[in-house]
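J.: Just so it is clear, I am handing over query06.pdb, which has PDB, C-alpha atoms.
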```pdb
ATOM      1  CA  MET A   1     194.961 119.986 217.754  1.00  0.00           C
ATOM      2  CA  ALA A   2     194.093 118.764 214.269  1.00  0.00           C
ATOM      3  CA  ARG A   3     192.503 121.089 211.753  1.00  0.00           C
ATOM      4  CA  PRO A   4     188.879 120.466 210.846  1.00  0.00           C
ATOM      5  CA  PRO A   5     188.440 118.882 207.418  1.00  0.00           C
ATOM      6  CA  ALA A   6     188.160 121.305 204.538  1.00  0.00           C
ATOM      7  CA  ARG A   7     184.665 121.947 203.326  1.00  0.00           C
ATOM      8  CA  GLY A   8     183.757 120.923 199.839  1.00  0.00           C
ATOM      9  CA  GLY A   9     186.903 121.343 197.747  1.00  0.00           C
ATOM     10  CA  ALA A  10     189.299 118.769 199.207  1.00  0.00           C
ATOM     11  CA  ARG A  11     186.622 116.174 199.982  1.00  0.00           C
ATOM     12  CA  LYS A  12     184.993 116.627 196.607  1.00  0.00           C
ATOM     13  CA  ALA A  13     188.370 116.219 194.899  1.00  0.00           C
ATOM     14  CA  ARG A  14     188.924 112.917 196.735  1.00  0.00           C
ATOM     15  CA  ARG A  15     185.448 111.649 195.814  1.00  0.00           C
ATOM     16  CA  THR A  16     185.680 112.543 192.150  1.00  0.00           C
ATOM     17  CA  GLY A  17     189.404 111.955 191.698  1.00  0.00           C
ATOM     18  CA  ARG A  18     189.685 115.430 190.140  1.00  0.00           C
ATOM     19  CA  ARG A  19     191.963 118.101 191.493  1.00  0.00           C
ATOM     20  CA  PRO A  20     190.504 121.462 192.388  1.00  0.00           C
ATOM     21  CA  PRO A  21     191.340 124.197 189.863  1.00  0.00           C
ATOM     22  CA  SER A  22     194.814 125.654 190.325  1.00  0.00           C
ATOM     23  CA  ARG A  23     193.935 129.086 188.959  1.00  0.00           C
ATOM     24  CA  PRO A  24     195.023 131.740 191.453  1.00  0.00           C
ATOM     25  CA  GLY A  25     192.301 133.766 193.121  1.00  0.00           C
ATOM     26  CA  PRO A  26     191.776 137.481 192.507  1.00  0.00           C
ATOM     27  CA  LEU A  27     193.891 138.578 195.474  1.00  0.00           C
ATOM     28  CA  ALA A  28     196.848 136.425 194.384  1.00  0.00           C
ATOM     29  CA  ARG A  29     196.623 137.764 190.824  1.00  0.00           C
ATOM     30  CA  LEU A  30     196.345 141.371 191.980  1.00  0.00           C
ATOM     31  CA  ARG A  31     199.240 140.905 194.409  1.00  0.00           C
ATOM     32  CA  ALA A  32     201.436 139.494 191.615  1.00  0.00           C
ATOM     33  CA  ILE A  33     200.585 142.438 189.342  1.00  0.00           C
ATOM     34  CA  CYS A  34     201.313 145.017 192.036  1.00  0.00           C
ATOM     35  CA  LEU A  35     204.508 143.461 193.381  1.00  0.00           C
ATOM     36  CA  ALA A  36     205.959 143.122 189.872  1.00  0.00           C
ATOM     37  CA  LEU A  37     206.388 146.908 189.778  1.00  0.00           C
ATOM     38  CA  PRO A  38     209.738 148.417 190.848  1.00  0.00           C
ATOM     39  CA  GLU A  39     210.153 148.551 194.628  1.00  0.00           C
ATOM     40  CA  ALA A  40     206.431 148.035 195.219  1.00  0.00           C
ATOM     41  CA  ALA A  41     205.594 147.140 198.794  1.00  0.00           C
ATOM     42  CA  GLU A  42     202.511 145.638 200.390  1.00  0.00           C
ATOM     43  CA  LYS A  43     201.142 146.573 203.788  1.00  0.00           C
ATOM     44  CA  ILE A  44     197.838 146.193 205.572  1.00  0.00           C
ATOM     45  CA  SER A  45     195.925 149.446 205.843  1.00  0.00           C
ATOM     46  CA  HIS A  46     192.387 149.704 207.184  1.00  0.00           C
ATOM     47  CA  GLY A  47     192.380 145.893 207.398  1.00  0.00           C
ATOM     48  CA  GLU A  48     193.037 145.358 203.676  1.00  0.00           C
ATOM     49  CA  PRO A  49     196.125 144.735 201.526  1.00  0.00           C
ATOM     50  CA  THR A  50     197.451 148.008 200.131  1.00  0.00           C
ATOM     51  CA  TRP A  51     200.361 148.562 197.748  1.00  0.00           C
ATOM     52  CA  LEU A  52     202.819 151.448 197.833  1.00  0.00           C
ATOM     53  CA  ALA A  53     205.312 152.714 195.275  1.00  0.00           C
ATOM     54  CA  GLY A  54     208.586 152.231 197.145  1.00  0.00           C
ATOM     55  CA  LYS A  55     208.297 153.922 200.509  1.00  0.00           C
ATOM     56  CA  GLY A  56     206.020 156.508 198.971  1.00  0.00           C
ATOM     57  CA  LYS A  57     202.399 156.768 198.002  1.00  0.00           C
ATOM     58  CA  VAL A  58     199.596 154.246 197.724  1.00  0.00           C
ATOM     59  CA  PHE A  59     198.825 153.096 194.180  1.00  0.00           C
ATOM     60  CA  ALA A  60     196.361 150.249 194.873  1.00  0.00           C
ATOM     61  CA  MET A  61     194.008 149.279 197.698  1.00  0.00           C
ATOM     62  CA  LEU A  62     191.997 146.077 197.940  1.00  0.00           C
ATOM     63  CA  ASP A  63     188.369 146.374 199.008  1.00  0.00           C
ATOM     64  CA  ASP A  64     187.133 142.952 200.127  1.00  0.00           C
ATOM     65  CA  HIS A  65     183.466 143.793 200.709  1.00  0.00           C
ATOM     66  CA  HIS A  66     184.547 146.495 203.206  1.00  0.00           C
ATOM     67  CA  HIS A  67     181.610 148.076 205.017  1.00  0.00           C
ATOM     68  CA  GLY A  68     179.184 145.875 203.086  1.00  0.00           C
ATOM     69  CA  ALA A  69     180.462 146.702 199.594  1.00  0.00           C
ATOM     70  CA  PRO A  70     178.753 144.449 197.050  1.00  0.00           C
ATOM     71  CA  HIS A  71     181.979 143.175 195.457  1.00  0.00           C
ATOM     72  CA  LEU A  72     185.690 142.485 195.739  1.00  0.00           C
ATOM     73  CA  SER A  73     187.523 145.341 194.057  1.00  0.00           C
ATOM     74  CA  VAL A  74     190.734 147.305 193.805  1.00  0.00           C
ATOM     75  CA  TRP A  75     190.798 151.067 194.155  1.00  0.00           C
ATOM     76  CA  LEU A  76     193.317 152.946 192.007  1.00  0.00           C
ATOM     77  CA  PRO A  77     194.201 156.596 191.496  1.00  0.00           C
ATOM     78  CA  ALA A  78     193.350 157.629 187.952  1.00  0.00           C
ATOM     79  CA  GLY A  79     194.594 160.487 185.815  1.00  0.00           C
ATOM     80  CA  LEU A  80     192.481 163.508 185.014  1.00  0.00           C
ATOM     81  CA  GLY A  81     189.234 162.323 183.406  1.00  0.00           C
ATOM     82  CA  GLY A  82     190.181 158.656 183.767  1.00  0.00           C
ATOM     83  CA  GLN A  83     187.644 157.835 186.464  1.00  0.00           C
ATOM     84  CA  GLU A  84     184.751 159.320 184.510  1.00  0.00           C
ATOM     85  CA  ALA A  85     185.781 157.678 181.240  1.00  0.00           C
ATOM     86  CA  LEU A  86     186.087 154.219 182.791  1.00  0.00           C
ATOM     87  CA  ILE A  87     182.797 154.426 184.674  1.00  0.00           C
ATOM     88  CA  GLU A  88     180.992 155.684 181.587  1.00  0.00           C
ATOM     89  CA  SER A  89     182.498 152.890 179.459  1.00  0.00           C
ATOM     90  CA  ASP A  90     181.366 150.074 181.781  1.00  0.00           C
ATOM     91  CA  PRO A  91     179.529 151.034 184.997  1.00  0.00           C
ATOM     92  CA  LYS A  92     179.190 147.380 186.058  1.00  0.00           C
ATOM     93  CA  ARG A  93     182.976 146.959 186.052  1.00  0.00           C
ATOM     94  CA  TYR A  94     184.135 150.419 187.233  1.00  0.00           C
ATOM     95  CA  PHE A  95     182.783 152.674 189.975  1.00  0.00           C
ATOM     96  CA  ARG A  96     183.568 155.724 192.094  1.00  0.00           C
ATOM     97  CA  PRO A  97     184.822 154.339 195.413  1.00  0.00           C
ATOM     98  CA  PRO A  98     183.869 155.877 198.737  1.00  0.00           C
ATOM     99  CA  TYR A  99     186.424 157.958 200.662  1.00  0.00           C
ATOM    100  CA  VAL A 100     188.793 158.483 197.695  1.00  0.00           C
ATOM    101  CA  GLY A 101     186.482 158.707 194.678  1.00  0.00           C
ATOM    102  CA  HIS A 102     186.148 162.470 195.019  1.00  0.00           C
ATOM    103  CA  ARG A 103     189.929 162.662 194.399  1.00  0.00           C
ATOM    104  CA  GLY A 104     189.696 160.829 191.070  1.00  0.00           C
ATOM    105  CA  TRP A 105     190.265 157.258 192.232  1.00  0.00           C
ATOM    106  CA  VAL A 106     188.407 154.486 190.411  1.00  0.00           C
ATOM    107  CA  GLY A 107     187.173 151.142 191.715  1.00  0.00           C
ATOM    108  CA  VAL A 108     187.664 148.058 189.533  1.00  0.00           C
ATOM    109  CA  VAL A 109     185.420 145.051 190.259  1.00  0.00           C
ATOM    110  CA  LEU A 110     187.481 141.861 190.583  1.00  0.00           C
ATOM    111  CA  ASP A 111     184.917 139.184 191.395  1.00  0.00           C
ATOM    112  CA  ALA A 112     183.027 139.332 188.089  1.00  0.00           C
ATOM    113  CA  ARG A 113     185.538 137.867 185.608  1.00  0.00           C
ATOM    114  CA  PRO A 114     187.742 140.930 185.134  1.00  0.00           C
ATOM    115  CA  ASP A 115     189.929 141.506 182.121  1.00  0.00           C
ATOM    116  CA  TRP A 116     193.244 140.909 183.915  1.00  0.00           C
ATOM    117  CA  GLY A 117     195.212 142.548 181.109  1.00  0.00           C
ATOM    118  CA  MET A 118     193.215 145.722 181.659  1.00  0.00           C
ATOM    119  CA  VAL A 119     193.585 145.426 185.445  1.00  0.00           C
ATOM    120  CA  ALA A 120     197.375 145.149 185.030  1.00  0.00           C
ATOM    121  CA  TRP A 121     197.414 148.173 182.711  1.00  0.00           C
ATOM    122  CA  LEU A 122     195.310 150.252 185.123  1.00  0.00           C
ATOM    123  CA  VAL A 123     197.519 149.242 188.072  1.00  0.00           C
ATOM    124  CA  GLU A 124     200.620 150.296 186.133  1.00  0.00           C
ATOM    125  CA  GLN A 125     199.021 153.632 185.211  1.00  0.00           C
ATOM    126  CA  ALA A 126     198.165 154.216 188.879  1.00  0.00           C
ATOM    127  CA  TYR A 127     201.757 153.396 189.848  1.00  0.00           C
ATOM    128  CA  ARG A 128     203.106 155.816 187.225  1.00  0.00           C
ATOM    129  CA  LEU A 129     200.816 158.517 188.609  1.00  0.00           C
ATOM    130  CA  VAL A 130     202.124 158.349 192.194  1.00  0.00           C
ATOM    131  CA  ALA A 131     205.620 156.818 192.040  1.00  0.00           C
ATOM    132  CA  HIS A 132     208.812 158.831 192.343  1.00  0.00           C
ATOM    133  CA  PRO A 133     210.306 159.588 188.898  1.00  0.00           C
ATOM    134  CA  ARG A 134     213.299 157.376 189.789  1.00  0.00           C
ATOM    135  CA  LEU A 135     210.939 154.390 190.055  1.00  0.00           C
ATOM    136  CA  VAL A 136     208.913 155.295 186.967  1.00  0.00           C
ATOM    137  CA  ALA A 137     212.187 155.406 184.985  1.00  0.00           C
ATOM    138  CA  LYS A 138     212.641 151.682 185.738  1.00  0.00           C
ATOM    139  CA  LEU A 139     209.456 150.829 183.822  1.00  0.00           C
ATOM    140  CA  GLU A 140     209.196 150.174 180.108  1.00  0.00           C
ATOM    141  CA  PRO A 141     208.007 153.302 178.267  1.00  0.00           C
ATOM    142  CA  PRO A 142     204.200 153.346 177.973  1.00  0.00           C
ATOM    143  CA  ASP A 143     202.730 152.010 174.731  1.00  0.00           C
ATOM    144  CA  GLU A 144     201.772 154.771 172.355  1.00  0.00           C
ATOM    145  CA  ALA A 145     198.497 153.785 170.705  1.00  0.00           C
TER     146      ALA A 145
END
```
Output the file's structure as structure tokens, nothing else.

T.:
Amino acid sequence: MARPPARGGARKARRTGRRPPSRPGPLARLRAICLALPEAAEKISHGEPTWLAGKGKVFAMLDDHHHGAPHLSVWLPAGLGGQEALIESDPKRYFRPPYVGHRGWVGVVLDARPDWGMVAWLVEQAYRLVAHPRLVAKLEPPDEA
């Protein structure tokens, strides 16, 4: 059976002669950031993509409007004081996620033009926090600012 025609994008591109933008979506960008880390693995957990450090602990969880959440976001473990500092710095971009927020995790909004450099840095910090030292040793030393 043939697929139904795509809505909007493909037809509009044919009408206008312009190609739809080729910029990857937030999930593709987040996936690329996470899977670039040593031995990172992706699995589906609670119906959402989740990334693990090797065969170990979770360092990133996607929240795609789960249970009516108002945005697409990634949840990351943060170091001591990190959650509070991020939320205080920009409460529209960072939040305390349900279920894991009480353990210091921070939510990062992805569907409101995120700073992808900052997202990548936060993902790496989360990975460093939970990964086995053998895996952390494979990373470049953290920048000292």

J.: Enumerate, as a ChimeraX atom specification, the residues matched when the PyMOL selection byres ((chain A and resi 90-105) around 9) is run on the file above.

T.: /A:75-89,106-110,112,114

J.: Taking the file as shown, what set of residues would the PyMOL selection byres ((chain A and resi 52) around 9) give back, as a PyMOL selection string?

T.: chain A and resi 34+39-43+50-51+53-60+127+130-131

J.: I'd like the interatomic distance between CA of Arg113 (chain A) and CA of Pro26 (chain A), to a tenth of an Å.

T.: 9.3 Å

J.: Figure out the distance between CA of Leu129 (chain A) and CA of His71 (chain A), please, to one decimal in Å.

T.: 25.2 Å

J.: Please report, as lines of an AutoDock Vina configuration file, the centre and edge lengths in Å to one decimal of an axis-aligned box covering all listed atoms of region 39-48 of chain A with 3 Å per side.

T.:
```
center_x = 201.3
center_y = 147.5
center_z = 201.0
size_x = 23.8
size_y = 10.3
size_z = 18.8
```

J.: Do you have the CA of Leu30 (chain A)-CA of Val123 (chain A) distance handy?

T.: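 Taking CA of Leu30 (chain A) and CA of Val123 (chain A), their separation equals 8.9 Å.
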
J.: Between A:Ala137, A:Leu37, A:Ile44, A:Ala28, which is the closest to Trp121 (chain A) once you count only C-alpha atoms?

T.: A:Leu37

J.: Considering only C-alpha atoms, can you say which of A:Val74, A:Ile33, A:Leu122, A:Leu62 comes closest to His46 (chain A)?

T.: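 Smallest separation from His46 (chain A) among the options: A:Leu62.
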
J.: Could you spell out the hits of the PyMOL selection byres ((chain A and resi 64) around 10) on the shown file, as a ChimeraX atom specification?

T.: /A:27,47-49,61-63,65-74,110-111

J.: Compare A:Arg29, A:Leu135, A:Pro142, A:Arg23 by their minimum atom-to-atom distance to Val119 (chain A), counting all atoms listed in the file, and give me the closest one.

T.: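 Among A:Arg29, A:Leu135, A:Pro142, A:Arg23, it is A:Arg29 that comes nearest to Val119 (chain A).
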